[in-house]
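Undergrad: For reference, the structure I am asking about is given below.
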Amino acid sequence: MTGIPISSYALATGLALILIGLWGMLTRKNIIRMIIGFALVDTGIHMVMVSIGYVTGGTAPIIDAAVPASEAVHRVVDPLPSALVLTAIVIGLGVTAVMLSFAVRIYRTRNSLSIDDCAESKW
Amino acid sequence: MQQLIGSLIVLGGAVFLLSAGLGVLRMPDSYNRIQTGTKASTLGTILVLLGLAVLHPEWTWKLLILIFFVLLTNPVSSHALARATHAARTSEDELMVVDRLDESEPEPPSTEPR
Amino acid sequence: MIKRVAVIVTLLLVAAIFSDLLLNYTEQPVLGRLGEYYAAKGPSELGAANLVTSVIVTYRGLDTLGEVTVLFISAAGVGLLLRRRRDEADSRETRPAASEIVQTAAQLLIPMVFLFGIYVFINGHLTPGGGFQGGAIIASGIMLLVLSQPLAALSHRVIGMTESLSGFTYVVVGVLGIVLAGGFLDNRIMALGRFGTLFSAGAIPIIYILIGLKVGAELGSVLDRFRSAAGGQSR
């Protein structure tokens, strides 16, 4: 266990979350469960992106009493993946909100939340 | 030595959080699920924060304030969830034996279908 | 049967790609060139202590403008899909009141939640946090308000006006960057101030305050839409 870098654990967890979310989206019939699977895939992707930006022995990219500005280059993790993930989290939120409102509309018109009842466009 | 005690307390908290997840998965009824989810996860969170206070004694006051907020909000949210479940009442509950809420407060007429 | 086989094969193939990624992953020992530039030049050029904030608001400010636009479009989409029908307009009087425990706890918590949200987005350039996080905290405060007082009506006019004015002012600040300083959304239109204090980093606190108000108002209105959609459903 001594040779495994710590960000591999976060990377493995993120990839496992993506797999679990994919499985949930593919095998469930209830629309809300599929949306939860999508949220899991989203979270997994965020974890993967953040764990890739890790620098060995680095700390948070904030300059205060603990990390003065002169040593920031040597002690700080990459701020760019964190910034991209911030954007991605907000966009995931927007997409989930629209998906949930679609689910509400589907329930209103068909009175059922199973996608087997929404089979009109299947060929 | 201090590290060992702190890590053991954090491990205990993690075990309780795991049992909360197991409880939410395996309980038969929604009321049971609310109960196990809230109680076990609140205790797990408190133990993790206490273990962290043992590991880093300079953060003790901040962690105690955090524990206060967790103790304030978790039971309130589970109470609101349980009341909402009781008001929704999608199907007849075979597991429910006594319903004190129904006996003490008559069902308000606002939840009838329009 | 064939569907289950297809699912398993898909998951196995995806897992094979992921395991390849995981096994060939090596942690970087030093920052890459771009990260090194942000860490070395960020505090001196922009005056912000939080490097992630300086990346989001200034170095990649155009992406943030796009993100704000995506959030606005999704809020508009939710508003369109969950439009209030004419016969559900009076559903508010029939909602049951919240219990006393929830009301008391909400009275204690709502001011603290709003204060904390405002603290998070005002100090976005000094501590972890910023506009989006603070806006989400304010939206959760709005949701607590709505849950504990179901008969309270959120003034959609105030929320709409807050949201539109914040977004508009954000673009105006960006254009001021072209006029007064280096480029679009440059934060040097205001003085950089003393490093590490509240009034530093030029226009970054202003931008984050606008983003925080906009995101809070938007998410609060989305949550209110879902509440009305649920209230209109008969049980």
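Chain identifiers are assigned as A, B, and so on, following the order in which chains appear in the structure tokens; residues are numbered from 1 within each chain, and ligands are numbered from 1 in order of appearance.
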Write out as a ChimeraX atom specification which residues come within 9 Å of Arg4 in chain C when counting only C-alpha atoms, dropping same-chain ones fewer than 4 positions away.

TA: /A:27 /C:8-9

Undergrad: I'd like to know which residues of chain B are alpha helix (DSSP H) (by DSSP, run on the backbone); could you write them as a PyMOL selection string?

TA: chain B and resi 2-26+30-55+60-88+100-104

Undergrad: Could you save the residues just selected, with C-alpha atoms, as a PDB file, in the first residue's frame?

TA:
ATOM      1  CA  GLN B   2      -3.420  10.645  20.330  1.00  0.00           C
ATOM      2  CA  GLN B   3      -3.408   9.788  16.631  1.00  0.00           C
ATOM      3  CA  LEU B   4      -4.529   6.244  17.407  1.00  0.00           C
ATOM      4  CA  ILE B   5      -7.457   7.338  19.577  1.00  0.00           C
ATOM      5  CA  GLY B   6      -8.559   9.953  17.064  1.00  0.00           C
ATOM      6  CA  SER B   7      -8.384   7.515  14.177  1.00  0.00           C
ATOM      7  CA  LEU B   8     -10.342   4.897  16.129  1.00  0.00           C
ATOM      8  CA  ILE B   9     -13.110   7.393  16.855  1.00  0.00           C
ATOM      9  CA  VAL B  10     -13.255   8.378  13.179  1.00  0.00           C
ATOM     10  CA  LEU B  11     -13.416   4.689  12.271  1.00  0.00           C
ATOM     11  CA  GLY B  12     -16.316   4.202  14.671  1.00  0.00           C
ATOM     12  CA  GLY B  13     -18.099   7.105  13.048  1.00  0.00           C
ATOM     13  CA  ALA B  14     -17.535   5.587   9.622  1.00  0.00           C
ATOM     14  CA  VAL B  15     -19.005   2.275  10.804  1.00  0.00           C
ATOM     15  CA  PHE B  16     -22.137   4.060  11.980  1.00  0.00           C
ATOM     16  CA  LEU B  17     -22.449   5.894   8.670  1.00  0.00           C
ATOM     17  CA  LEU B  18     -22.148   2.564   6.843  1.00  0.00           C
ATOM     18  CA  SER B  19     -24.880   1.084   9.006  1.00  0.00           C
ATOM     19  CA  ALA B  20     -27.079   4.091   8.212  1.00  0.00           C
ATOM     20  CA  GLY B  21     -26.694   3.370   4.519  1.00  0.00           C
ATOM     21  CA  LEU B  22     -27.425  -0.312   5.062  1.00  0.00           C
ATOM     22  CA  GLY B  23     -30.506   0.573   7.065  1.00  0.00           C
ATOM     23  CA  VAL B  24     -31.883   2.844   4.371  1.00  0.00           C
ATOM     24  CA  LEU B  25     -31.349   0.020   1.887  1.00  0.00           C
ATOM     25  CA  ARG B  26     -32.860  -2.848   3.831  1.00  0.00           C
ATOM     26  CA  SER B  30     -40.486   4.365   4.746  1.00  0.00           C
ATOM     27  CA  TYR B  31     -40.866   5.341   8.402  1.00  0.00           C
ATOM     28  CA  ASN B  32     -38.232   2.757   9.372  1.00  0.00           C
ATOM     29  CA  ARG B  33     -35.942   4.052   6.686  1.00  0.00           C
ATOM     30  CA  ILE B  34     -36.267   7.632   7.907  1.00  0.00           C
ATOM     31  CA  GLN B  35     -35.530   6.538  11.453  1.00  0.00           C
ATOM     32  CA  THR B  36     -32.381   4.526  10.735  1.00  0.00           C
ATOM     33  CA  GLY B  37     -31.101   7.010   8.204  1.00  0.00           C
ATOM     34  CA  THR B  38     -31.309   9.963  10.548  1.00  0.00           C
ATOM     35  CA  LYS B  39     -30.215   8.449  13.830  1.00  0.00           C
ATOM     36  CA  ALA B  40     -27.256   6.483  12.599  1.00  0.00           C
ATOM     37  CA  SER B  41     -25.967   9.132  10.228  1.00  0.00           C
ATOM     38  CA  THR B  42     -26.218  11.899  12.840  1.00  0.00           C
ATOM     39  CA  LEU B  43     -24.251   9.802  15.323  1.00  0.00           C
ATOM     40  CA  GLY B  44     -21.734   8.861  12.647  1.00  0.00           C
ATOM     41  CA  THR B  45     -21.189  12.513  11.704  1.00  0.00           C
ATOM     42  CA  ILE B  46     -20.758  13.525  15.337  1.00  0.00           C
ATOM     43  CA  LEU B  47     -18.216  10.757  15.954  1.00  0.00           C
ATOM     44  CA  VAL B  48     -16.227  11.664  12.845  1.00  0.00           C
ATOM     45  CA  LEU B  49     -16.099  15.311  13.926  1.00  0.00           C
ATOM     46  CA  LEU B  50     -15.112  14.364  17.485  1.00  0.00           C
ATOM     47  CA  GLY B  51     -12.341  12.122  16.196  1.00  0.00           C
ATOM     48  CA  LEU B  52     -11.127  15.005  14.053  1.00  0.00           C
ATOM     49  CA  ALA B  53     -11.104  17.223  17.171  1.00  0.00           C
ATOM     50  CA  VAL B  54      -8.865  14.664  18.883  1.00  0.00           C
ATOM     51  CA  LEU B  55      -6.536  14.526  15.891  1.00  0.00           C
ATOM     52  CA  THR B  60     -11.935  21.973  18.661  1.00  0.00           C
ATOM     53  CA  TRP B  61     -14.216  25.012  18.978  1.00  0.00           C
ATOM     54  CA  LYS B  62     -15.069  25.134  15.280  1.00  0.00           C
ATOM     55  CA  LEU B  63     -15.876  21.424  15.297  1.00  0.00           C
ATOM     56  CA  LEU B  64     -18.086  21.820  18.346  1.00  0.00           C
ATOM     57  CA  ILE B  65     -20.049  24.549  16.592  1.00  0.00           C
ATOM     58  CA  LEU B  66     -20.411  22.215  13.597  1.00  0.00           C
ATOM     59  CA  ILE B  67     -21.701  19.434  15.859  1.00  0.00           C
ATOM     60  CA  PHE B  68     -24.231  21.876  17.318  1.00  0.00           C
ATOM     61  CA  PHE B  69     -25.553  22.750  13.874  1.00  0.00           C
ATOM     62  CA  VAL B  70     -25.749  19.105  12.836  1.00  0.00           C
ATOM     63  CA  LEU B  71     -27.674  18.275  16.022  1.00  0.00           C
ATOM     64  CA  LEU B  72     -29.993  21.193  15.357  1.00  0.00           C
ATOM     65  CA  THR B  73     -30.852  20.445  11.742  1.00  0.00           C
ATOM     66  CA  ASN B  74     -30.821  16.671  11.204  1.00  0.00           C
ATOM     67  CA  PRO B  75     -33.709  15.792  13.576  1.00  0.00           C
ATOM     68  CA  VAL B  76     -35.804  18.691  12.272  1.00  0.00           C
ATOM     69  CA  SER B  77     -35.432  17.532   8.698  1.00  0.00           C
ATOM     70  CA  SER B  78     -36.296  13.935   9.537  1.00  0.00           C
ATOM     71  CA  HIS B  79     -39.346  15.180  11.458  1.00  0.00           C
ATOM     72  CA  ALA B  80     -40.485  17.172   8.434  1.00  0.00           C
ATOM     73  CA  LEU B  81     -39.944  14.143   6.172  1.00  0.00           C
ATOM     74  CA  ALA B  82     -41.931  11.865   8.456  1.00  0.00           C
ATOM     75  CA  ARG B  83     -44.834  14.299   8.637  1.00  0.00           C
ATOM     76  CA  ALA B  84     -44.817  14.651   4.867  1.00  0.00           C
ATOM     77  CA  THR B  85     -44.841  10.855   4.491  1.00  0.00           C
ATOM     78  CA  HIS B  86     -47.783  10.613   6.860  1.00  0.00           C
ATOM     79  CA  ALA B  87     -49.661  13.317   4.999  1.00  0.00           C
ATOM     80  CA  ALA B  88     -49.012  11.729   1.622  1.00  0.00           C
ATOM     81  CA  ARG B 100     -51.115   8.472  17.248  1.00  0.00           C
ATOM     82  CA  LEU B 101     -50.842  11.402  14.872  1.00  0.00           C
ATOM     83  CA  ASP B 102     -54.184  10.557  13.316  1.00  0.00           C
ATOM     84  CA  GLU B 103     -55.795  10.194  16.730  1.00  0.00           C
ATOM     85  CA  SER B 104     -54.508  13.485  18.079  1.00  0.00           C
TER      86      SER B 104
END

Undergrad: Distance limit 8 Å, atoms considered: only C-alpha atoms. Which chain A residues sit that close to chain C? Return them as a ChimeraX atom specification.

TA: /A:5,7-8,11-12,15,19,22-23,26-27,52,54-56,61-64,69-70,72-74,76-80,82-83,87,90-91,94-95,97-98,101-102,104-105

Undergrad: Okay, now the selection with C-alpha atoms, as a compact mmCIF listing (two decimals), in the first residue's frame?

TA:
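Output file out39.txt follows:
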# COMPACT_ATOMS: atom_id res chain seq x y z
CA PRO A 5 -0.33 7.56 -4.76
CA SER A 7 -4.97 10.53 -5.83
CA SER A 8 -5.39 7.07 -7.37
CA LEU A 11 -9.58 8.44 -9.30
CA ALA A 12 -10.72 4.86 -8.66
CA LEU A 15 -14.47 5.82 -12.05
CA LEU A 19 -19.80 2.74 -13.67
CA LEU A 22 -24.20 3.98 -15.93
CA TRP A 23 -25.55 0.68 -14.65
CA LEU A 26 -29.32 1.39 -18.20
CA THR A 27 -31.24 -1.07 -16.04
CA ILE A 52 -6.18 14.45 -12.00
CA TYR A 54 -3.38 16.70 -7.77
CA VAL A 55 0.30 17.44 -7.31
CA THR A 56 2.27 15.22 -4.92
CA PRO A 61 -4.54 26.77 -4.01
CA ILE A 62 -5.24 29.59 -1.57
CA ILE A 63 -2.57 32.06 -0.56
CA ASP A 64 -2.76 32.95 3.11
CA ALA A 69 2.91 33.94 -2.28
CA SER A 70 6.60 33.22 -2.82
CA ALA A 72 2.99 29.09 -3.99
CA VAL A 73 4.43 27.55 -7.14
CA HIS A 74 6.00 24.64 -5.29
CA VAL A 76 -0.02 24.28 -4.51
CA VAL A 77 -2.17 21.87 -6.51
CA ASP A 78 -3.35 22.80 -9.97
CA PRO A 79 -6.15 25.37 -9.73
CA LEU A 80 -7.42 24.81 -13.26
CA SER A 82 -10.95 22.79 -9.69
CA ALA A 83 -12.18 25.80 -11.62
CA THR A 87 -18.44 25.20 -13.78
CA VAL A 90 -23.38 24.22 -11.85
CA ILE A 91 -24.18 22.95 -15.32
CA GLY A 94 -29.15 22.99 -14.45
CA VAL A 95 -29.45 19.81 -16.51
CA ALA A 97 -33.45 20.60 -12.91
CA VAL A 98 -34.66 20.41 -16.52
CA SER A 101 -39.30 19.07 -14.72
CA PHE A 102 -39.62 16.76 -17.73
CA VAL A 104 -43.06 16.00 -13.66
CA ARG A 105 -44.67 16.71 -17.05

Undergrad: Quick one: residues within 10 Å of Asp116 in chain A, only C-alpha atoms, excluding same-chain residues fewer than 6 positions away - as a PyMOL selection string?

TA: chain A and resi 29-31
